[in-house]
$ cat structure-v8.pdb   # PDB, C-alpha atoms
ATOM      1  CA  MET A   1     -54.517 185.685 230.794
ATOM      2  CA  SER A   2     -54.451 186.520 227.064
ATOM      3  CA  GLU A   3     -51.282 188.570 227.534
ATOM      4  CA  PHE A   4     -49.828 185.731 229.556
ATOM      5  CA  GLN A   5     -50.616 183.304 226.722
ATOM      6  CA  ARG A   6     -48.641 185.459 224.292
ATOM      7  CA  ALA A   7     -45.550 185.441 226.522
ATOM      8  CA  ARG A   8     -42.390 184.674 224.602
ATOM      9  CA  SER A   9     -39.405 185.892 226.633
ATOM     10  CA  PRO A  10     -37.529 183.371 228.818
ATOM     11  CA  GLU A  11     -38.794 185.169 231.914
ATOM     12  CA  GLN A  12     -42.394 184.964 230.743
ATOM     13  CA  VAL A  13     -42.019 181.321 229.782
ATOM     14  CA  GLU A  14     -40.635 180.525 233.237
ATOM     15  CA  ALA A  15     -43.480 182.468 234.846
ATOM     16  CA  ARG A  16     -45.984 180.342 232.926
ATOM     17  CA  ARG A  17     -44.261 177.127 233.959
ATOM     18  CA  GLU A  18     -44.287 178.187 237.599
ATOM     19  CA  ALA A  19     -47.966 179.146 237.372
ATOM     20  CA  ILE A  20     -48.810 175.687 236.001
ATOM     21  CA  LEU A  21     -46.822 174.018 238.778
ATOM     22  CA  ASP A  22     -48.460 176.181 241.445
ATOM     23  CA  VAL A  23     -51.921 175.167 240.253
ATOM     24  CA  ALA A  24     -50.899 171.506 239.969
ATOM     25  CA  GLU A  25     -49.725 171.565 243.571
ATOM     26  CA  GLU A  26     -52.888 173.342 244.696
ATOM     27  CA  LEU A  27     -55.022 170.661 243.049
ATOM     28  CA  MET A  28     -53.302 168.045 245.202
ATOM     29  CA  THR A  29     -54.917 169.598 248.277
ATOM     30  CA  GLU A  30     -58.271 168.643 246.749
ATOM     31  CA  SER A  31     -57.644 165.338 244.956
ATOM     32  CA  SER A  32     -55.059 162.609 244.615
ATOM     33  CA  VAL A  33     -52.707 162.758 241.646
ATOM     34  CA  GLY A  34     -54.491 159.867 239.955
ATOM     35  CA  GLU A  35     -57.747 161.838 239.951
ATOM     36  CA  ILE A  36     -56.297 165.011 238.406
ATOM     37  CA  SER A  37     -56.559 165.254 234.620
ATOM     38  CA  MET A  38     -54.570 167.433 232.254
ATOM     39  CA  ARG A  39     -57.856 168.981 231.174
ATOM     40  CA  GLU A  40     -58.750 170.011 234.724
ATOM     41  CA  LEU A  41     -55.264 171.344 235.324
ATOM     42  CA  ALA A  42     -55.424 173.423 232.137
ATOM     43  CA  ARG A  43     -58.885 174.722 233.049
ATOM     44  CA  ARG A  44     -57.682 175.847 236.468
ATOM     45  CA  VAL A  45     -54.622 177.528 235.001
ATOM     46  CA  GLY A  46     -56.752 179.301 232.411
ATOM     47  CA  LEU A  47     -55.073 177.793 229.352
ATOM     48  CA  SER A  48     -56.058 175.162 226.835
ATOM     49  CA  ALA A  49     -54.701 171.659 227.341
ATOM     50  CA  SER A  50     -52.643 172.053 224.162
ATOM     51  CA  ASN A  51     -51.011 175.186 225.552
ATOM     52  CA  VAL A  52     -50.118 173.453 228.807
ATOM     53  CA  ALA A  53     -48.686 170.580 226.765
ATOM     54  CA  ARG A  54     -46.206 172.966 225.161
ATOM     55  CA  TYR A  55     -44.504 173.199 228.535
ATOM     56  CA  PHE A  56     -45.331 169.817 230.052
ATOM     57  CA  PRO A  57     -46.326 167.164 227.529
ATOM     58  CA  THR A  58     -48.250 165.001 230.013
ATOM     59  CA  ARG A  59     -49.835 165.227 233.439
ATOM     60  CA  GLU A  60     -47.102 162.941 234.739
ATOM     61  CA  ALA A  61     -44.401 165.297 233.458
ATOM     62  CA  VAL A  62     -46.078 168.134 235.371
ATOM     63  CA  TYR A  63     -46.069 166.188 238.600
ATOM     64  CA  LEU A  64     -42.494 164.991 238.197
ATOM     65  CA  GLU A  65     -41.607 168.673 238.119
ATOM     66  CA  VAL A  66     -43.769 169.369 241.171
ATOM     67  CA  LEU A  67     -41.994 166.519 242.972
ATOM     68  CA  ASP A  68     -38.586 167.859 242.029
ATOM     69  CA  ARG A  69     -39.516 171.334 243.237
ATOM     70  CA  ALA A  70     -41.042 170.036 246.471
ATOM     71  CA  ARG A  71     -38.012 167.909 247.224
ATOM     72  CA  GLY A  72     -35.686 170.854 246.688
ATOM     73  CA  ALA A  73     -37.790 173.042 248.987
ATOM     74  CA  TRP A  74     -37.714 170.325 251.662
ATOM     75  CA  LEU A  75     -33.931 170.121 251.517
ATOM     76  CA  ASP A  76     -33.605 173.910 251.585
ATOM     77  CA  SER A  77     -35.519 173.923 254.874
ATOM     78  CA  LEU A  78     -33.772 170.910 256.429
ATOM     79  CA  THR A  79     -31.233 171.289 259.222
ATOM     80  CA  LEU A  80     -29.876 168.173 260.923
ATOM     81  CA  ASP A  81     -28.035 168.288 264.231
ATOM     82  CA  GLY A  82     -27.917 166.489 267.549
ATOM     83  CA  ASP A  83     -27.555 162.764 268.145
ATOM     84  CA  LEU A  84     -29.031 159.958 266.058
ATOM     85  CA  SER A  85     -32.426 160.046 267.779
ATOM     86  CA  GLU A  86     -32.720 163.790 267.175
ATOM     87  CA  VAL A  87     -31.641 163.507 263.548
ATOM     88  CA  ALA A  88     -34.128 160.694 262.925
ATOM     89  CA  ALA A  89     -36.923 162.645 264.616
ATOM     90  CA  THR A  90     -36.170 165.751 262.556
ATOM     91  CA  LEU A  91     -36.173 163.810 259.296
ATOM     92  CA  ALA A  92     -39.408 161.981 260.072
ATOM     93  CA  ARG A  93     -41.195 165.100 261.282
ATOM     94  CA  SER A  94     -40.036 167.200 258.336
ATOM     95  CA  LEU A  95     -41.409 164.650 255.865
ATOM     96  CA  ALA A  96     -44.651 164.051 257.769
ATOM     97  CA  THR A  97     -45.444 167.759 257.576
ATOM     98  CA  ARG A  98     -45.043 167.778 253.773
ATOM     99  CA  PRO A  99     -47.918 165.584 252.551
ATOM    100  CA  ILE A 100     -47.678 166.695 248.920
ATOM    101  CA  LEU A 101     -44.025 165.674 248.753
ATOM    102  CA  CYS A 102     -44.726 162.339 250.414
ATOM    103  CA  GLU A 103     -47.711 161.541 248.199
ATOM    104  CA  LEU A 104     -45.693 162.265 245.066
ATOM    105  CA  ILE A 105     -42.850 160.071 246.298
ATOM    106  CA  SER A 106     -45.355 157.287 246.966
ATOM    107  CA  VAL A 107     -46.766 157.345 243.403
ATOM    108  CA  LEU A 108     -43.487 157.939 241.588
ATOM    109  CA  ALA A 109     -42.891 154.427 240.272
ATOM    110  CA  ASN A 110     -46.455 153.334 239.499
ATOM    111  CA  VAL A 111     -47.925 156.636 238.253
ATOM    112  CA  LEU A 112     -45.500 159.452 237.505
ATOM    113  CA  GLU A 113     -42.958 157.412 235.555
ATOM    114  CA  ARG A 114     -45.577 155.614 233.432
ATOM    115  CA  ASN A 115     -46.376 158.204 230.785
ATOM    116  CA  VAL A 116     -43.217 160.186 230.136
ATOM    117  CA  SER A 117     -40.553 160.212 227.456
ATOM    118  CA  THR A 118     -37.068 158.815 227.927
ATOM    119  CA  GLU A 119     -35.731 162.366 227.936
ATOM    120  CA  THR A 120     -38.143 163.474 230.665
ATOM    121  CA  ALA A 121     -37.400 160.390 232.746
ATOM    122  CA  ARG A 122     -33.640 160.865 232.393
ATOM    123  CA  ASP A 123     -33.853 164.524 233.341
ATOM    124  CA  TYR A 124     -35.922 163.731 236.424
ATOM    125  CA  LYS A 125     -33.610 160.882 237.485
ATOM    126  CA  LEU A 126     -30.528 163.087 237.201
ATOM    127  CA  ARG A 127     -32.096 165.780 239.356
ATOM    128  CA  SER A 128     -33.329 163.163 241.814
ATOM    129  CA  ALA A 129     -29.772 161.849 242.146
ATOM    130  CA  LYS A 130     -28.623 165.354 243.065
ATOM    131  CA  HIS A 131     -31.316 165.594 245.739
ATOM    132  CA  ASN A 132     -30.237 162.213 247.059
ATOM    133  CA  ALA A 133     -26.627 163.397 247.205
ATOM    134  CA  ARG A 134     -27.684 166.543 249.081
ATOM    135  CA  THR A 135     -29.572 164.451 251.620
ATOM    136  CA  ALA A 136     -26.569 162.163 251.999
ATOM    137  CA  ASP A 137     -24.272 165.129 252.611
ATOM    138  CA  LEU A 138     -26.570 166.345 255.392
ATOM    139  CA  LEU A 139     -26.655 162.877 256.948
ATOM    140  CA  HIS A 140     -22.897 162.424 256.707
ATOM    141  CA  ALA A 141     -22.272 165.787 258.358
ATOM    142  CA  ALA A 142     -24.781 165.123 261.149
ATOM    143  CA  LEU A 143     -23.804 161.492 261.786
ATOM    144  CA  PRO A 144     -20.015 161.178 261.550
ATOM    145  CA  GLY A 145     -20.258 157.456 262.263
ATOM    146  CA  LEU A 146     -21.550 157.011 258.715
ATOM    147  CA  SER A 147     -19.242 156.915 255.748
ATOM    148  CA  ALA A 148     -20.160 159.021 252.737
ATOM    149  CA  GLU A 149     -21.159 155.870 250.853
ATOM    150  CA  THR A 150     -23.350 154.625 253.695
ATOM    151  CA  ALA A 151     -24.992 158.040 254.028
ATOM    152  CA  GLN A 152     -25.895 157.736 250.332
ATOM    153  CA  GLU A 153     -27.489 154.336 251.003
ATOM    154  CA  LEU A 154     -29.381 155.701 253.997
ATOM    155  CA  SER A 155     -30.645 158.632 251.945
ATOM    156  CA  SER A 156     -31.997 156.260 249.299
ATOM    157  CA  ALA A 157     -33.557 154.049 251.972
ATOM    158  CA  ILE A 158     -35.407 156.985 253.544
ATOM    159  CA  PHE A 159     -36.866 157.785 250.114
ATOM    160  CA  MET A 160     -37.982 154.171 249.660
ATOM    161  CA  PHE A 161     -39.419 153.932 253.186
ATOM    162  CA  THR A 162     -41.438 157.072 252.504
ATOM    163  CA  ALA A 163     -42.715 155.663 249.202
ATOM    164  CA  GLY A 164     -43.874 152.466 250.849
ATOM    165  CA  MET A 165     -45.227 153.716 254.156
ATOM    166  CA  TRP A 166     -47.045 156.902 253.165
ATOM    167  CA  PRO A 167     -49.995 155.208 251.399
ATOM    168  CA  LEU A 168     -50.243 152.584 254.159
ATOM    169  CA  ALA A 169     -50.440 155.336 256.779
ATOM    170  CA  HIS A 170     -53.008 157.288 254.734
ATOM    171  CA  PRO A 171     -55.512 154.744 253.366
ATOM    172  CA  ASN A 172     -58.816 155.573 251.734
ATOM    173  CA  GLU A 173     -61.966 156.126 253.790
ATOM    174  CA  ALA A 174     -63.166 152.529 253.551
ATOM    175  CA  VAL A 175     -59.874 151.177 254.880
ATOM    176  CA  GLN A 176     -59.725 153.853 257.583
ATOM    177  CA  GLU A 177     -63.133 152.702 258.787
ATOM    178  CA  ALA A 178     -62.187 149.032 258.571
ATOM    179  CA  ILE A 179     -59.050 149.341 260.687
ATOM    180  CA  LYS A 180     -61.009 150.888 263.547
ATOM    181  CA  ASP A 181     -61.805 147.255 264.360
ATOM    182  CA  PRO A 182     -59.711 146.415 267.465
ATOM    183  CA  ARG A 183     -58.636 143.178 265.795
ATOM    184  CA  LEU A 184     -56.892 145.284 263.132
ATOM    185  CA  ALA A 185     -55.007 147.560 265.500
ATOM    186  CA  GLY A 186     -51.741 146.276 264.071
ATOM    187  CA  SER A 187     -52.752 147.632 260.661
ATOM    188  CA  ARG A 188     -52.740 151.225 261.864
ATOM    189  CA  LEU A 189     -49.510 152.935 260.909
ATOM    190  CA  ASP A 190     -48.146 156.168 262.350
ATOM    191  CA  PHE A 191     -45.955 157.374 259.494
ATOM    192  CA  GLU A 192     -43.781 159.771 261.487
ATOM    193  CA  ASP A 193     -43.134 157.392 264.380
ATOM    194  CA  ARG A 194     -42.439 154.380 262.173
ATOM    195  CA  LEU A 195     -40.109 156.308 259.868
ATOM    196  CA  ARG A 196     -38.215 157.722 262.845
ATOM    197  CA  ARG A 197     -37.668 154.256 264.304
ATOM    198  CA  LEU A 198     -36.652 152.754 260.969
ATOM    199  CA  ILE A 199     -34.053 155.482 260.424
ATOM    200  CA  VAL A 200     -32.571 154.763 263.855
ATOM    201  CA  VAL A 201     -32.522 150.996 263.345
ATOM    202  CA  LEU A 202     -31.056 151.178 259.854
ATOM    203  CA  THR A 203     -28.386 153.698 260.863
ATOM    204  CA  LEU A 204     -27.322 151.575 263.828
ATOM    205  CA  GLY A 205     -27.185 148.572 261.521
ATOM    206  CA  TYR A 206     -24.969 150.421 259.041
ATOM    207  CA  GLN A 207     -22.681 151.561 261.846
ATOM    208  CA  ASP A 208     -22.432 148.017 263.213
ATOM    209  CA  VAL A 209     -21.548 146.612 259.803
ATOM    210  CA  ARG A 210     -18.865 149.266 259.428
ATOM    211  CA  ARG A 211     -17.345 148.371 262.797
ATOM    212  CA  ARG A 212     -17.373 144.658 261.986
ATOM    213  CA  THR A 213     -16.044 144.913 258.451
ATOM    214  CA  GLY A 214     -14.098 148.147 258.459
ATOM    215  CA  GLN A 215     -16.104 149.339 255.447
TER     216      GLN A 215
END

$ encode --input "structure-v8.pdb" --output "structure tokens"
Amino acid sequence: MSEFQRARSPEQVEARREAILDVAEELMTESSVGEISMRELARRVGLSASNVARYFPTREAVYLEVLDRARGAWLDSLTLDGDLSEVAATLARSLATRPILCELISVLANVLERNVSTETARDYKLRSAKHNARTADLLHAALPGLSAETAQELSSAIFMFTAGMWPLAHPNEAVQEAIKDPRLAGSRLDFEDRLRRLIVVLTLGYQDVRRRTGQ
């Protein structure tokens, strides 16, 4: 690791950044983002916290980068075809099988964007907009009944649905135990099934509005 710490070339710098991100993602398999400190991340990487901060000034900046990377990997793997029900099922299933991505989406507004500079926030938002546009392009190609503008809206809505539903579908242990009560059956949320149905309903609604208004 000492040689790694002395890295100065662009390739070595990028290797260090990727190593930090790999460890940050690995830590999410053990703890929630809110429980992971910069100190623990640095310890697991094998660097001092001040060295990690040279590449990512805060824990939140690290996880914004992990989110960006995870979202890009999701889109790289995503293929949409078939009718609306098939497209919705593919989208919901593909997100449900990427818990790290979904958890990061769910804590974006109240955790990850709370301790970052304007520059870091702007950079993340610009890259997020590109991901949103990529998702919209896939939706528009798969569902020709949607205009390009409506596909953009649907893409944003899927992101927001994921942010809201993921924590509700994955509560802490106390809540998991509580909702075993038959009287609370309505509180149990199947993320994949609910997201699939919401995508169908929202898409049909957009298509109906377009038919009625010509927009």

$ residues_around --input "structure-v8.pdb" --residues "stretch 18-26 of chain A" --least-positions-apart "3" --cutoff "9 Å" --atoms "only C-alpha atoms" --output "PyMOL selection string"
chain A and resi 13-15+29-30+36+41-42+44-45+52+55+62-63+65-66+69+100

$ closest_atom_pairs --input "structure-v8.pdb" --of "stretch 43-134 of chain A" --to "stretch 191-196 of chain A" --cutoff "9 Å" --atoms "all atoms listed in the file" --output "JSON lines"
{"residue": "A:Ser85", "atom": "CA", "partner": "A:Arg196", "partner_atom": "CA", "distance": 8.0}
{"residue": "A:Val87", "atom": "CA", "partner": "A:Arg196", "partner_atom": "CA", "distance": 8.8}
{"residue": "A:Ala88", "atom": "CA", "partner": "A:Arg196", "partner_atom": "CA", "distance": 5.1}
{"residue": "A:Ala89", "atom": "CA", "partner": "A:Arg196", "partner_atom": "CA", "distance": 5.4}
{"residue": "A:Thr90", "atom": "CA", "partner": "A:Arg196", "partner_atom": "CA", "distance": 8.3}
{"residue": "A:Leu91", "atom": "CA", "partner": "A:Arg196", "partner_atom": "CA", "distance": 7.3}
{"residue": "A:Ala92", "atom": "CA", "partner": "A:Glu192", "partner_atom": "CA", "distance": 5.1}
{"residue": "A:Arg93", "atom": "CA", "partner": "A:Glu192", "partner_atom": "CA", "distance": 5.9}
{"residue": "A:Ser94", "atom": "CA", "partner": "A:Glu192", "partner_atom": "CA", "distance": 8.9}
{"residue": "A:Leu95", "atom": "CA", "partner": "A:Glu192", "partner_atom": "CA", "distance": 7.8}
{"residue": "A:Ala96", "atom": "CA", "partner": "A:Glu192", "partner_atom": "CA", "distance": 5.7}

$ write_last_selection --input "structure-v8.pdb" --atoms "C-alpha atoms" --output "CSV table (one decimal), in the frame of the given file"
chain,number,residue,atom,x,y,z
A,85,SER,CA,-32.4,160.0,267.8
A,87,VAL,CA,-31.6,163.5,263.5
A,88,ALA,CA,-34.1,160.7,262.9
A,89,ALA,CA,-36.9,162.6,264.6
A,90,THR,CA,-36.2,165.8,262.6
A,91,LEU,CA,-36.2,163.8,259.3
A,92,ALA,CA,-39.4,162.0,260.1
A,93,ARG,CA,-41.2,165.1,261.3
A,94,SER,CA,-40.0,167.2,258.3
A,95,LEU,CA,-41.4,164.6,255.9
A,96,ALA,CA,-44.7,164.1,257.8

$ residues_around --input "structure-v8.pdb" --residues "A:Asp137" --least-positions-apart "5" --cutoff "9 Å" --atoms "only C-alpha atoms" --output "short mmCIF file (atom, residue, chain, number, x, y, z; two decimals) with C-alpha atoms, in the coordinates of the input"
data_model
loop_
_atom_site.label_atom_id
_atom_site.label_comp_id
_atom_site.auth_asym_id
_atom_site.auth_seq_id
_atom_site.Cartn_x
_atom_site.Cartn_y
_atom_site.Cartn_z
CA ASN A 132 -30.24 162.21 247.06
CA ALA A 142 -24.78 165.12 261.15
CA ALA A 148 -20.16 159.02 252.74
CA ALA A 151 -24.99 158.04 254.03
CA GLN A 152 -25.90 157.74 250.33
#

$ atom_distance --input "structure-v8.pdb" --atom1 "atom CA of A:Ser50" --atom2 "atom CA of A:Ser128"
27.6 Å

$ atom_distance --input "structure-v8.pdb" --atom1 "atom CA of A:Val111" --atom2 "atom CA of A:Arg59"
10.0 Å

$ axis_aligned_box --input "structure-v8.pdb" --around "stretch 199-209 of chain A" --padding-each-side "6 Å" --output "lines of an AutoDock Vina configuration file"
center_x = -27.8
center_y = 151.0
center_z = 261.4
size_x = 24.5
size_y = 20.9
size_z = 16.8

$ closest_residue --input "structure-v8.pdb" --among "A:Gly145, A:Thr162, A:Pro171, A:Asp181" --to "A:Ile199" --atoms "only C-alpha atoms"
A:Thr162

$ resolve_selection --input "structure-v8.pdb" --expression "the PyMOL selection byres ((chain A and resi 203) around 10)" --output "PyMOL selection string"
chain A and resi 84+88+143+145-146+150-151+153-154+197-202+204-209

$ atom_distance --input "structure-v8.pdb" --atom1 "atom CA of A:Val33" --atom2 "atom CA of A:Ser155"
24.7 Å

$ closest_residue --input "structure-v8.pdb" --among "A:Leu112, A:Ala53, A:Ala129, A:Leu27" --to "A:Leu67" --atoms "all atoms listed in the file"
A:Leu112

$ closest_residue --input "structure-v8.pdb" --among "A:Ala70, A:Leu168, A:Asn51, A:Ala174" --to "A:Arg188" --atoms "all atoms listed in the file"
A:Leu168

$ closest_residue --input "structure-v8.pdb" --among "A:Arg210, A:Pro10, A:Leu184, A:His170" --to "A:Glu103" --atoms "all atoms listed in the file"
A:His170

$ resolve_selection --input "structure-v8.pdb" --expression "the PyMOL selection byres ((chain A and resi 78) around 10)" --output "ChimeraX atom specification"
/A:72-77,79-80,90-91,94-95,135,138

$ closest_residue --input "structure-v8.pdb" --among "A:Arg71, A:Ser106, A:Arg16, A:Leu47" --to "A:Arg134" --atoms "all atoms listed in the file"
A:Arg71

$ closest_residue --input "structure-v8.pdb" --among "A:Glu11, A:Ile179, A:Ser117, A:Trp166" --to "A:Thr97" --atoms "all atoms listed in the file"
A:Trp166

$ decode --input "structure-v8.pdb" --residues "stretch 125-169 of chain A" --atoms "C-alpha atoms" --output "PDB file, in the first residue's frame"
ATOM      1  CA  LYS A 125     -26.614  16.555 -10.708  1.00  0.00           C
ATOM      2  CA  LEU A 126     -25.243  16.957 -14.229  1.00  0.00           C
ATOM      3  CA  ARG A 127     -24.246  13.306 -14.398  1.00  0.00           C
ATOM      4  CA  SER A 128     -27.578  12.277 -12.897  1.00  0.00           C
ATOM      5  CA  ALA A 129     -29.372  14.216 -15.638  1.00  0.00           C
ATOM      6  CA  LYS A 130     -27.429  12.232 -18.234  1.00  0.00           C
ATOM      7  CA  HIS A 131     -28.459   8.963 -16.586  1.00  0.00           C
ATOM      8  CA  ASN A 132     -32.051  10.160 -16.570  1.00  0.00           C
ATOM      9  CA  ALA A 133     -31.816  10.987 -20.274  1.00  0.00           C
ATOM     10  CA  ARG A 134     -30.382   7.530 -21.003  1.00  0.00           C
ATOM     11  CA  THR A 135     -33.253   5.894 -19.142  1.00  0.00           C
ATOM     12  CA  ALA A 136     -35.735   8.057 -21.027  1.00  0.00           C
ATOM     13  CA  ASP A 137     -34.204   7.067 -24.361  1.00  0.00           C
ATOM     14  CA  LEU A 138     -34.612   3.390 -23.466  1.00  0.00           C
ATOM     15  CA  LEU A 139     -38.228   3.958 -22.439  1.00  0.00           C
ATOM     16  CA  HIS A 140     -39.038   5.971 -25.550  1.00  0.00           C
ATOM     17  CA  ALA A 141     -37.570   3.290 -27.804  1.00  0.00           C
ATOM     18  CA  ALA A 142     -39.398   0.473 -26.001  1.00  0.00           C
ATOM     19  CA  LEU A 143     -42.745   2.265 -25.630  1.00  0.00           C
ATOM     20  CA  PRO A 144     -43.455   4.216 -28.824  1.00  0.00           C
ATOM     21  CA  GLY A 145     -46.720   5.476 -27.350  1.00  0.00           C
ATOM     22  CA  LEU A 146     -44.662   7.804 -25.160  1.00  0.00           C
ATOM     23  CA  SER A 147     -43.278  11.054 -26.449  1.00  0.00           C
ATOM     24  CA  ALA A 148     -39.649  11.839 -25.703  1.00  0.00           C
ATOM     25  CA  GLU A 149     -40.749  14.428 -23.139  1.00  0.00           C
ATOM     26  CA  THR A 150     -43.106  12.005 -21.408  1.00  0.00           C
ATOM     27  CA  ALA A 151     -40.418   9.315 -21.342  1.00  0.00           C
ATOM     28  CA  GLN A 152     -38.222  11.847 -19.515  1.00  0.00           C
ATOM     29  CA  GLU A 153     -40.994  12.400 -16.953  1.00  0.00           C
ATOM     30  CA  LEU A 154     -41.486   8.660 -16.529  1.00  0.00           C
ATOM     31  CA  SER A 155     -37.757   8.160 -16.028  1.00  0.00           C
ATOM     32  CA  SER A 156     -37.729  10.770 -13.264  1.00  0.00           C
ATOM     33  CA  ALA A 157     -40.829   9.234 -11.681  1.00  0.00           C
ATOM     34  CA  ILE A 158     -39.240   5.775 -11.550  1.00  0.00           C
ATOM     35  CA  PHE A 159     -36.269   7.308  -9.717  1.00  0.00           C
ATOM     36  CA  MET A 160     -38.588   9.014  -7.223  1.00  0.00           C
ATOM     37  CA  PHE A 161     -40.716   5.889  -6.717  1.00  0.00           C
ATOM     38  CA  THR A 162     -37.551   3.937  -5.961  1.00  0.00           C
ATOM     39  CA  ALA A 163     -36.389   6.579  -3.472  1.00  0.00           C
ATOM     40  CA  GLY A 164     -39.678   6.483  -1.615  1.00  0.00           C
ATOM     41  CA  MET A 165     -40.538   2.798  -1.704  1.00  0.00           C
ATOM     42  CA  TRP A 166     -37.180   1.139  -1.068  1.00  0.00           C
ATOM     43  CA  PRO A 167     -36.914   2.065   2.642  1.00  0.00           C
ATOM     44  CA  LEU A 168     -40.597   1.235   3.195  1.00  0.00           C
ATOM     45  CA  ALA A 169     -40.066  -2.211   1.670  1.00  0.00           C
TER      46      ALA A 169
END
